[in-house]
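Chemist: First, the structure itself, so that you have it in front of you.
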Amino acid sequence: MTLKARYARDAIIQIVMVLLTALVVIPLFIIIGYVVINGISALNMDFFTQELGSPARAMRGRPTGLVHSITGTIVIDLVALVMAVPFGIATGIMMSEYQEHPLSPVARLMTSTLNGMPAVLMGLLAYGLVVKNTGGFSALAGSVALAFVMIPIIARTTESVLRVTPWGLREAGLSLGIPRWKVTTSLVLPAARAGVVTGILIAFARAAGEAAPLLLTSFGNNYFSLDMTRPMDTLPQRLYSLAISPYKQWHAMGWGGAIILLLFVMITFLVGRLVIRRMERQMEQ
């Protein structure tokens with residue numbers, strides 16, 4: 001093949017890559033633009049400081065907002081993350097570092113099954129474990145449901161990044177007489193921390209947009225609440241209820257809530273990328 005032909009093939013491949021990238025990016029910008037156009041009018045001071053309240057409140061023209069939904073989303077998602085991270089990382093370590101353990105194939109099968117299950121089934125599981133045993137819907141049950149969504153994602157990501165960590169690192173630690181568990185926690189896991197953090201962020205973003213599990217667990221609340229033992233509102237389930245409501249004002253608030261949810265996920269990934277880059281720079285030094 002001549003040099004001219006190689007340059008021509010390279011140019012064609014670059015054009016194809018640009019077109020394929022555009023096919024992914026353009027629909028994303030269309031969706032974001034459509035949400036922003038429909039919801040920007042609802043974003044005002046009342047939106048961030050007032051509760052939704054009863055339908056009569058909207059009919060009387062009194063100010064309404066989604067401060068309770070925004071706060072509830074942050075609280076329930078963070079509690080779910082605290083629950084999911086230890087179990088997810090521990091499961092990933094077992095599947096990667098202790099493959100000979102009899103529970104390792106069982107854990108791999110379970111995480112693969114949970115990853116493929118609809119999120120609403122996680123809500124049913126949390127409903128059976130928490131709601132029925134405590135006698136009512138609660139924010140805690142919602143956090144448990146979202147933790148079930150996060151755990152398999154964190155576990156499989158942790159397993160993947162640990163598997164690509166150089167085996168020489170393990171051999172060096174074991175040759176010095178360091179116990180196997182300490183080699184894993186002190187050498188292998190820190191070396192793969194950037195990938196582990198990425199998996200945690202992916203799991204967090206996935207759970208942040210789930211509404212079905214929360215409809216069966218935290219149930220929702222039109223008023224501000226920080227009590228984990230009582231129903232609490234979140235943005236995903238509130239968007240669903242606002243979308244099927246008969247009030248135009250609530251429809252606009254739903255679009256505004258969608259903007260906040262988009263920003264919530266985007267900021268999470270942005271902060272995560274900054275943290276990962278800092279980790280990578282520290283490892284290079």
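Residue numbering restarts at 1 in every chain; chains get A, B, ... in the order shown in the structure tokens, and ligands count up from 1 in that same order.
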Per DSSP on the backbone, filter stretch 14-138 of chain A down to the residues in helix (DSSP H, G or I) and report them as an MDAnalysis selection string.
Modeler: chainID A and resid 14:42 45:49 55:59 67:97 103:116 119:134
Chemist: Compile the contact shell of A:Ser69 as a ChimeraX atom specification: residues with an atom at most 6 Å away, counting only C-alpha atoms, same-chain residues fewer than 4 positions apart removed.
Modeler: /A:233-235
Chemist: Considering only C-alpha atoms, state which residue in the set A:Gly177, A:Gly272, A:Gly220, A:Gly168 is at the smallest distance from A:Gly53.
Modeler: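 Selected residue with least distance to A:Gly53: A:Gly220.
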Chemist: Would you mind reading off the distance between atom CA of A:Leu52 and atom CA of A:Gln249, one decimal, in Å?
Modeler: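 Rounded to one decimal, the two atoms are 10.9 Å apart.
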Chemist: Rank A:Met150, A:Leu216, A:Arg60, A:Leu176 by their smallest atom-to-atom distance to A:Lys132, using only C-alpha atoms, and report the top residue only.
Modeler: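 Closest candidate: A:Leu216.
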Chemist: Do you know which residues are at most 10 Å from A:Pro213 counting only C-alpha atoms, after dropping those on the same chain fewer than 6 positions away, and could you put them as a count of residues only?
Modeler: 21
Chemist: For A:Thr49, please output as an MDAnalysis selection string all residues within 6 Å (counting only C-alpha atoms; exclusion window: fewer than 2 positions along the same chain).
Modeler: chainID A and resid 46:47 67
Chemist: Between stretch 156-226 of chain A and stretch 97-103 of chain A, at 12 Å or less, what are the per-residue closest atom pairs and their distances in Å? Count only C-alpha atoms, order by chain and rising residue number, and return it as a Markdown table.
Modeler:
```
| residue | atom | partner | partner_atom | distance |
| --- | --- | --- | --- | --- |
| A:Thr158 | CA | A:Glu97 | CA | 10.7 |
| A:Glu159 | CA | A:Glu97 | CA | 8.4 |
| A:Ser160 | CA | A:Glu97 | CA | 11.0 |
| A:Val161 | CA | A:Glu97 | CA | 11.4 |
| A:Leu162 | CA | A:Glu97 | CA | 7.9 |
| A:Arg163 | CA | A:Glu97 | CA | 8.1 |
| A:Val164 | CA | A:Glu97 | CA | 11.5 |
| A:Thr165 | CA | A:Glu97 | CA | 10.9 |
| A:Trp167 | CA | A:Glu97 | CA | 10.5 |
| A:Arg170 | CA | A:Glu97 | CA | 9.8 |
| A:Arg180 | CA | A:Glu97 | CA | 9.1 |
| A:Trp181 | CA | A:Glu97 | CA | 9.1 |
| A:Lys182 | CA | A:Glu97 | CA | 11.8 |
| A:Val183 | CA | A:Glu97 | CA | 10.2 |
| A:Thr184 | CA | A:Glu97 | CA | 7.6 |
| A:Thr185 | CA | A:Glu97 | CA | 10.7 |
| A:Val188 | CA | A:Glu97 | CA | 9.5 |
| A:Leu189 | CA | A:Glu97 | CA | 10.5 |
```
Chemist: Looking at only C-alpha atoms, which of A:Ile26, A:Ser96, A:Arg277, A:Gly257 is the one that sits closest to A:Ala243?
Modeler: A:Gly257
Chemist: With only C-alpha atoms as the basis for distance, which of A:Val82, A:Ala107, A:Leu43, A:Val16 is at the shortest distance from A:Gly65?
Modeler: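 Looking at the shortest contact to A:Gly65, the residue is A:Leu43.
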Chemist: Between A:Tyr247, A:Leu129, A:Arg156, A:Ile267, single out the one closest to A:Arg57, counting only C-alpha atoms.
Modeler: A:Tyr247
Chemist: As an MDAnalysis selection string, please: the residues near stretch 29-36 of chain A (cut-off 9 Å, only C-alpha atoms, same-chain neighbours under 3 positions excluded).
Modeler: chainID A and resid 25:26 39:41 255:256 258:259 262
Chemist: Go ahead and dump the residues you just picked, C-alpha atoms, as a tab-separated table (two decimals), in the first residue's frame.
Modeler:
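The new file out.tsv reads:
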```tsv
chain	number	residue	atom	x	y	z
A	25	VAL	CA	-23.34	13.23	21.36
A	26	ILE	CA	-26.04	14.95	19.27
A	39	GLY	CA	-37.85	23.62	32.72
A	40	ILE	CA	-35.76	26.79	32.95
A	41	SER	CA	-38.85	28.93	33.65
A	255	TRP	CA	-39.08	19.83	33.96
A	256	GLY	CA	-37.21	22.03	36.44
A	258	ALA	CA	-35.23	17.14	35.63
A	259	ILE	CA	-32.68	19.94	35.14
A	262	LEU	CA	-29.14	16.27	35.30
```
Chemist: Hey, which of A:Thr91, A:Thr71, A:Asn44, A:Thr21 ends up closest to A:Thr111? Count only C-alpha atoms.
Modeler: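 Using only C-alpha atoms, the shortest distance to A:Thr111 belongs to A:Thr91.
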Chemist: Would you list the contacts of A:Ile151 as a PyMOL selection string, taking every protein, DNA or RNA residue within 7 Å and counting only C-alpha atoms, but skipping same-chain residues closer than 4 positions in sequence?
Modeler: chain A and resi 84-85+87-88+147+155
Chemist: Measure the distance from atom CA of A:Gly173 to atom CA of A:Gly195 in Å and round it to one decimal.
Modeler: 21.1 Å
